[in-house]
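One file, query_8.txt, is given below (compact mmCIF, C-alpha atoms).
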# COMPACT_ATOMS: atom_id res chain seq x y z
CA MET M 1 44.04 24.22 -22.16
CA PRO M 2 45.40 23.92 -25.70
CA GLY M 3 44.96 20.40 -27.04
CA TRP M 4 42.72 19.27 -24.20
CA GLN M 5 39.85 18.46 -26.60
CA ILE M 6 41.88 16.32 -28.99
CA PRO M 7 40.50 12.84 -29.81
CA GLY M 8 42.29 10.11 -27.91
CA LEU M 9 43.56 12.44 -25.18
CA VAL M 10 43.96 9.76 -22.51
CA PRO M 11 45.87 7.28 -24.74
CA ALA M 12 48.07 10.15 -25.94
CA LEU M 13 48.93 11.13 -22.36
CA SER M 14 49.57 7.51 -21.41
CA ALA M 15 51.87 7.02 -24.40
CA GLY M 16 53.74 10.26 -23.70
CA LEU M 17 54.25 9.54 -20.01
CA GLY M 18 54.77 5.80 -20.34
CA VAL M 19 52.29 4.99 -17.56
CA PRO M 20 48.51 4.46 -17.37
CA VAL M 21 46.66 7.78 -17.14
CA ASP M 22 43.12 8.65 -16.13
CA VAL M 23 41.44 12.06 -16.38
CA GLU M 24 38.88 13.20 -13.82
CA ASN M 25 36.92 16.32 -12.93
CA ASP M 26 38.45 18.25 -10.01
CA VAL M 27 35.18 18.55 -8.05
CA ASN M 28 34.53 14.83 -8.50
CA LEU M 29 37.96 14.16 -7.03
CA ALA M 30 37.13 16.34 -4.03
CA ALA M 31 34.00 14.19 -3.52
CA VAL M 32 36.11 11.03 -3.73
CA ALA M 33 38.34 12.39 -0.97
CA GLU M 34 35.33 13.39 1.13
CA ARG M 35 33.89 9.88 0.88
CA ALA M 36 37.23 8.21 1.56
CA HIS M 37 38.16 10.12 4.72
CA GLY M 38 36.00 13.21 5.10
CA ALA M 39 32.50 14.39 5.98
CA ALA M 40 30.85 11.85 3.63
CA ARG M 41 32.78 8.83 4.87
CA GLY M 42 30.60 5.74 4.60
CA ARG M 43 27.84 7.60 2.72
CA ALA M 44 26.46 6.03 -0.45
CA ASP M 45 24.38 9.07 -1.45
CA PHE M 46 25.54 12.67 -1.13
CA VAL M 47 26.12 15.88 -3.03
CA LEU M 48 29.26 17.97 -2.74
CA LEU M 49 29.04 21.66 -3.61
CA TRP M 50 32.30 23.41 -4.50
CA ALA M 51 31.81 27.15 -3.99
CA ASP M 52 34.89 29.14 -4.89
CA GLN M 53 35.74 31.50 -7.74
CA GLY M 54 33.75 28.99 -9.76
CA ILE M 55 30.79 26.83 -8.77
CA GLY M 56 30.52 23.09 -9.30
CA SER M 57 29.11 19.99 -7.70
CA ALA M 58 29.62 16.25 -7.57
CA ILE M 59 26.75 13.78 -7.19
CA VAL M 60 27.29 10.35 -5.64
CA LEU M 61 24.36 7.93 -5.89
CA GLY M 62 24.44 4.34 -4.68
CA GLY M 63 28.15 4.68 -3.98
CA ARG M 64 28.94 5.69 -7.56
CA MET M 65 29.76 9.03 -9.10
CA HIS M 66 26.88 10.15 -11.31
CA ARG M 67 28.39 11.61 -14.49
CA GLY M 68 25.40 11.98 -16.80
CA ALA M 69 25.08 11.05 -20.46
CA THR M 70 27.90 13.37 -21.59
CA GLY M 71 29.90 13.66 -18.37
CA GLY M 72 28.35 17.01 -17.54
CA ALA M 73 26.42 16.06 -14.39
CA GLY M 74 27.21 18.49 -11.60
CA GLU M 75 28.07 21.51 -13.75
CA VAL M 76 25.69 23.60 -11.67
CA GLY M 77 27.50 26.86 -12.36
CA TYR M 78 25.54 26.93 -15.63
CA MET M 79 22.21 26.15 -13.92
CA PRO M 80 19.64 28.95 -14.33
CA ALA M 81 19.01 30.78 -11.06
CA PRO M 82 16.44 33.41 -10.03
CA GLY M 83 17.76 36.94 -10.47
CA ALA M 84 20.76 35.87 -12.55
CA PRO M 85 21.23 36.39 -16.31
CA THR M 86 20.79 33.36 -18.55
CA ALA M 87 22.84 32.02 -21.45
CA ARG M 88 20.56 33.97 -23.80
CA GLU M 89 21.94 37.25 -22.44
CA THR M 90 25.58 36.33 -21.85
CA GLY M 91 26.32 33.53 -24.31
CA ARG M 92 26.70 29.85 -23.60
CA TYR M 93 29.95 30.16 -21.66
CA GLY M 94 29.36 33.63 -20.26
CA ARG M 95 28.82 34.54 -16.64
CA HIS M 96 25.25 33.45 -16.04
CA GLY M 97 23.08 31.24 -13.86
CA LEU M 98 24.27 30.09 -10.46
CA GLN M 99 27.84 31.18 -11.26
CA ALA M 100 26.68 34.78 -11.64
CA LEU M 101 24.71 34.52 -8.40
CA THR M 102 27.20 32.74 -6.12
CA GLY M 103 30.64 32.72 -7.78
CA GLY M 104 33.55 34.40 -6.03
CA ALA M 105 33.10 37.73 -7.82
CA ALA M 106 29.40 37.83 -6.90
CA VAL M 107 30.09 36.96 -3.26
CA LEU M 108 32.67 39.74 -3.00
CA ALA M 109 30.28 42.25 -4.57
CA VAL M 110 27.46 41.24 -2.22
CA LEU M 111 29.56 41.55 0.91
CA ARG M 112 31.04 44.87 -0.17
CA SER M 113 27.49 46.15 -0.65
CA TYR M 114 26.99 45.47 3.07
CA GLY M 115 30.20 47.31 3.93
CA VAL M 116 32.26 44.19 4.62
CA PRO M 117 35.95 44.77 3.80
CA GLY M 118 38.18 42.27 2.01
CA ALA M 119 40.73 42.22 -0.78
CA ASP M 120 39.12 39.09 -2.24
CA PHE M 121 36.00 36.99 -1.64
CA ARG M 122 37.69 34.62 0.81
CA GLN M 123 38.90 37.46 2.99
CA ALA M 124 35.53 39.20 2.83
CA VAL M 125 33.66 36.02 3.85
CA ALA M 126 36.09 35.41 6.71
CA ASN M 127 35.71 39.01 7.88
CA ALA M 128 31.90 38.76 7.81
CA ALA M 129 31.96 35.47 9.74
CA ARG M 130 34.36 36.95 12.30
CA GLU M 131 32.16 40.02 12.84
CA ALA M 132 28.97 37.88 12.87
CA GLU M 133 26.59 40.72 13.66
CA GLY M 134 24.82 43.70 12.11
CA ARG M 135 25.45 44.30 8.42
CA SER M 136 28.20 41.68 8.30
CA LEU M 137 25.78 38.99 9.45
CA ALA M 138 23.13 40.26 7.03
CA GLY M 139 25.65 40.05 4.18
CA LEU M 140 26.64 36.52 5.12
CA ARG M 141 22.98 35.54 5.29
CA ASP M 142 22.52 36.95 1.77
CA VAL M 143 25.40 34.78 0.54
CA ALA M 144 23.89 31.75 2.30
CA ALA M 145 20.51 32.39 0.69
CA ARG M 146 22.11 32.50 -2.75
CA LEU M 147 23.92 29.21 -2.17
CA ALA M 148 20.72 27.67 -0.82
CA VAL M 149 18.83 28.54 -4.02
CA GLY M 150 21.19 26.36 -6.03
CA LEU M 151 21.22 23.60 -3.43
CA ALA M 152 17.41 23.62 -3.30
CA ALA M 153 17.21 22.84 -7.01
CA ILE M 154 19.70 20.00 -6.62
CA THR M 155 17.98 18.66 -3.52
CA SER M 156 14.55 18.70 -5.14
CA VAL M 157 15.81 16.52 -8.00
CA VAL M 158 18.40 14.28 -6.32
CA ASP M 159 17.12 14.09 -2.70
CA PRO M 160 20.62 13.45 -1.29
CA ALA M 161 21.21 12.01 2.18
CA LEU M 162 23.92 14.60 2.82
CA ILE M 163 25.31 17.82 1.37
CA VAL M 164 29.00 18.65 1.81
CA LEU M 165 30.23 22.23 1.34
CA THR M 166 33.78 22.93 0.28
CA GLY M 167 35.78 25.55 -1.60
CA GLY M 168 36.92 29.01 -0.61
CA VAL M 169 33.50 30.47 0.28
CA PRO M 170 32.20 27.88 2.77
CA LEU M 171 35.60 27.16 4.28
CA ALA M 172 36.17 30.87 4.91
CA GLY M 173 32.67 31.20 6.36
CA GLY M 174 33.08 28.19 8.62
CA GLU M 175 30.41 26.86 10.92
CA LEU M 176 28.38 30.08 10.87
CA LEU M 177 27.96 30.08 7.09
CA ARG M 178 27.28 26.34 7.10
CA ARG M 179 24.45 26.83 9.60
CA LEU M 180 22.98 29.73 7.65
CA VAL M 181 23.05 27.71 4.40
CA GLU M 182 21.36 24.77 6.12
CA GLU M 183 18.66 27.02 7.59
CA GLU M 184 17.99 28.68 4.23
CA LEU M 185 17.95 25.35 2.38
CA HIS M 186 15.54 23.73 4.82
CA ALA M 187 13.21 26.70 4.44
CA LEU M 188 13.06 26.08 0.68
CA THR M 189 12.78 22.31 0.30
CA ILE M 190 10.68 19.41 1.54
CA PRO M 191 13.69 17.07 1.88
CA ARG M 192 16.01 18.41 4.60
CA PRO M 193 19.41 16.81 4.16
CA PRO M 194 22.06 17.74 6.72
CA VAL M 195 24.67 20.20 5.46
CA ARG M 196 28.27 19.61 6.55
CA LEU M 197 31.57 21.36 5.97
CA SER M 198 34.39 19.49 4.28
CA ALA M 199 36.52 17.48 6.69
CA VAL M 200 39.39 16.96 4.24
CA GLY M 201 42.48 18.98 5.05
CA GLY M 202 45.01 20.29 2.55
CA ASN M 203 44.25 19.90 -1.14
CA PRO M 204 41.05 17.80 -1.51
CA VAL M 205 41.50 17.42 -5.27
CA LEU M 206 44.96 15.93 -4.81
CA ALA M 207 43.68 13.73 -1.97
CA GLY M 208 40.92 12.44 -4.24
CA ALA M 209 43.36 11.78 -7.07
CA LEU M 210 45.58 9.78 -4.72
CA SER M 211 42.56 7.75 -3.57
CA VAL M 212 41.62 6.97 -7.18
CA ALA M 213 45.20 5.96 -7.98
CA LEU M 214 45.49 3.76 -4.89
CA ASP M 215 42.21 2.02 -5.73
CA ALA M 216 43.49 1.34 -9.25
CA VAL M 217 46.73 -0.13 -7.87
CA ARG M 218 44.87 -2.30 -5.36
CA GLU M 219 42.58 -3.60 -8.07
CA GLU M 220 45.53 -4.36 -10.35
CA VAL M 221 47.56 -6.07 -7.63
CA PHE M 222 44.83 -7.90 -5.73
CA GLY M 223 42.21 -8.24 -8.47
CA SER M 224 39.44 -6.41 -6.63
CA PRO M 225 38.74 -2.79 -5.70
CA VAL M 226 39.11 -1.60 -2.12
CA PRO M 227 35.81 -1.97 -0.20
CA ALA M 228 33.69 1.22 -0.05
Would you write the structure of this file as structure tokens?
Amino acid sequence: MPGWQIPGLVPALSAGLGVPVDVENDVNLAAVAERAHGAARGRADFVLLWADQGIGSAIVLGGRMHRGATGGAGEVGYMPAPGAPTARETGRYGRHGLQALTGGAAVLAVLRSYGVPGADFRQAVANAAREAEGRSLAGLRDVAARLAVGLAAITSVVDPALIVLTGGVPLAGGELLRRLVEEELHALTIPRPPVRLSAVGGNPVLAGALSVALDAVREEVFGSPVPA
């Protein structure tokens, strides 16, 4: 987005709009929504994986969003993955790592290689889950194994109490894909966190943004944040 990297972005937006403004990562907001009224409700430690056209994650530890030293925690699309090109081959912001292995374009290509039809990756995943046998099931298992590779790396480092799947790929694959991902993950790691599908309806990013805004209002009005 032009101008997004300017110094003093947040004050400039606040001044232009005439109201307080905060800026947050979209996947982090989805995790906020999941913790407020979704699959991670009441959980102090969990990881959310957003698997769609792009790949990202949010990490909540001790009830707080873990952002990292530069705010880049959770950018797992750039994480090196077996069988995928690295930044050396594609450039720093090229299609490499987990993004090249499990992003929407890769998922569509994988499922088409198994003969699963679909105009886009969501449709192809839904078709494979609906068929749920033969080559369609094998293709879906391949997708699950790819997702599990990324989750295994996260799990080995973070050891989360729960993993929540959201985004176009897992939501189109439903319970079958969730189960396959969990099986593949538990075959790869010593910790075996449960894997759950998102329980937030509608737009989880918007729901998370509303939760953040409501917490800010409560804190301003009542002088303390809403209890977790």
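Among M:Val60, M:Leu137, M:Gly208, M:Thr90, the residue with the shortest atom-to-atom distance to Asp26 of chain M, counting only C-alpha atoms, is M:Gly208.
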By how many Å are atom CA of Leu188 of chain M and atom CA of Leu151 of chain M apart? 9.5 Å
Return the single residue from M:Gly174, M:Ile163, M:Gly71, M:Pro11 that is closest to Ala132 of chain M, with distances computed using only C-alpha atoms.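 Ranked by minimum distance to Ala132 of chain M, first place goes to M:Gly174.
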Counting only C-alpha atoms, the option among M:Ser211, M:Gln53, M:Thr166, M:Gln123 closest to Ala199 of chain M: M:Thr166
Which residue out of M:Arg64, M:Trp50, M:Pro194, M:Gly72 has the minimum interatomic distance to Leu171 of chain M when all atoms listed in the file are used? M:Trp50
May I have the residues within 7 Å of Ala161 of chain M as a list in words, using all atoms listed in the file and disregarding those fewer than 2 positions away in the same chain?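 After dropping sequence-adjacent residues, the list is Asp45, Phe46, Asp159 and Pro193 of chain M.
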So which one's closest to Gly118 of chain M, M:Ala172, M:Val32, M:Val195, M:Ala81? Using all atoms listed in the file, please.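 When distances to Gly118 of chain M are compared using all atoms listed in the file, the smallest one comes from M:Ala172.
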Spatial neighbours of Arg130 of chain M, max dist 12 Å, only C-alpha atoms, sep filter under 3 positions, as a list in words: Val116, Pro117, Gln123, Ala124, Val125, Ala126, Asn127, Glu133, Gly134, Ser136, Leu137, Leu140, Ala172, Gly173, Gly174, Glu175, Leu176 and Leu177 of chain M
Need to verify the contact set: His96 of chain M, 8 Å, all atoms listed in the file, exclusion of same-chain residues closer than 2 positions in sequence. Can you return it as JSON, numbers by chain? {"M": [77, 78, 80, 84, 85, 86, 87, 90, 94, 98, 99, 100, 101]}
Shortest contact to Met79 of chain M, candidates M:Val143, M:Ala44, M:Leu108, M:Ile154, atoms counted only C-alpha atoms, goes to M:Ile154
Figure out the distance between atom CA of Pro160 of chain M and atom CA of Ala31 of chain M, please, to one decimal in Å.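 Taking atom CA of Ala31 of chain M as the start and atom CA of Pro160 of chain M as the end point, the length is 13.6 Å.
One distance worth recording is that between atom CA of Gly167 of chain M and atom CA of Gln5 of chain M, which is 26.3 Å.
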Around (34.0, 20.8, 4.6), as given in the file, which residues come within 7 Å? Count only C-alpha atoms and list them as a list in words. Ala39, Val164, Leu165, Thr166, Leu171, Arg196, Leu197, Ser198, Ala199 and Val200 of chain M
Place a sphere of radius 12 Å on (17.0, 21.7, 0.6) in the file coordinates and name every protein, DNA or RNA residue with an atom inside or on its surface, counting only C-alpha atoms; give the answer as a PyMOL selection string. chain M and resi 47+145+147-163+181-195
Got a minute to add N, CA and C atoms to segment 59-83 of chain M and dump it as a short mmCIF file (atom, residue, chain, number, x, y, z; two decimals), keeping the file's coordinate frame?
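Output saved as out27.cif:
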data_model
loop_
_atom_site.label_atom_id
_atom_site.label_comp_id
_atom_site.auth_asym_id
_atom_site.auth_seq_id
_atom_site.Cartn_x
_atom_site.Cartn_y
_atom_site.Cartn_z
N ILE M 59 27.92 14.52 -7.65
CA ILE M 59 26.75 13.78 -7.19
C ILE M 59 27.12 12.30 -7.08
N VAL M 60 27.00 11.77 -5.88
CA VAL M 60 27.29 10.35 -5.64
C VAL M 60 25.97 9.67 -5.29
N LEU M 61 25.61 8.66 -6.08
CA LEU M 61 24.36 7.93 -5.89
C LEU M 61 24.67 6.44 -5.83
N GLY M 62 24.19 5.77 -4.80
CA GLY M 62 24.44 4.34 -4.68
C GLY M 62 25.91 4.00 -4.62
N GLY M 63 26.71 4.91 -4.09
CA GLY M 63 28.15 4.68 -3.98
C GLY M 63 28.93 4.95 -5.24
N ARG M 64 28.26 5.42 -6.29
CA ARG M 64 28.94 5.69 -7.56
C ARG M 64 28.79 7.15 -7.96
N MET M 65 29.82 7.67 -8.58
CA MET M 65 29.76 9.03 -9.10
C MET M 65 28.79 9.08 -10.27
N HIS M 66 27.82 9.98 -10.20
CA HIS M 66 26.88 10.15 -11.31
C HIS M 66 27.45 11.17 -12.27
N ARG M 67 27.71 10.75 -13.52
CA ARG M 67 28.39 11.61 -14.49
C ARG M 67 27.45 12.16 -15.56
N GLY M 68 26.30 11.53 -15.76
CA GLY M 68 25.40 11.98 -16.80
C GLY M 68 25.76 11.40 -18.14
N ALA M 69 24.90 11.64 -19.13
CA ALA M 69 25.08 11.05 -20.46
C ALA M 69 26.33 11.55 -21.16
N THR M 70 26.73 12.80 -20.90
CA THR M 70 27.90 13.37 -21.59
C THR M 70 29.02 13.74 -20.62
N GLY M 71 28.89 13.32 -19.37
CA GLY M 71 29.90 13.66 -18.37
C GLY M 71 29.69 15.01 -17.72
N GLY M 72 28.56 15.66 -18.03
CA GLY M 72 28.35 17.01 -17.54
C GLY M 72 27.53 17.12 -16.26
N ALA M 73 27.19 15.99 -15.63
CA ALA M 73 26.42 16.06 -14.39
C ALA M 73 27.22 16.82 -13.34
N GLY M 74 26.55 17.73 -12.66
CA GLY M 74 27.21 18.49 -11.60
C GLY M 74 27.72 19.85 -12.02
N GLU M 75 27.62 20.19 -13.31
CA GLU M 75 28.07 21.51 -13.75
C GLU M 75 27.02 22.56 -13.41
N VAL M 76 26.80 22.75 -12.12
CA VAL M 76 25.69 23.60 -11.67
C VAL M 76 25.98 25.09 -11.82
N GLY M 77 27.22 25.45 -12.11
CA GLY M 77 27.50 26.86 -12.36
C GLY M 77 26.70 27.40 -13.52
N TYR M 78 26.32 26.53 -14.47
CA TYR M 78 25.54 26.93 -15.63
C TYR M 78 24.03 26.83 -15.38
N MET M 79 23.63 26.35 -14.20
CA MET M 79 22.21 26.15 -13.92
C MET M 79 21.50 27.49 -13.78
N PRO M 80 20.40 27.69 -14.48
CA PRO M 80 19.64 28.95 -14.33
C PRO M 80 19.25 29.18 -12.88
N ALA M 81 19.32 30.43 -12.45
CA ALA M 81 19.01 30.78 -11.06
C ALA M 81 18.21 32.07 -11.03
N PRO M 82 17.26 32.19 -10.12
CA PRO M 82 16.44 33.41 -10.03
C PRO M 82 17.31 34.65 -9.82
N GLY M 83 17.03 35.68 -10.62
CA GLY M 83 17.76 36.94 -10.47
C GLY M 83 19.08 36.99 -11.21
#
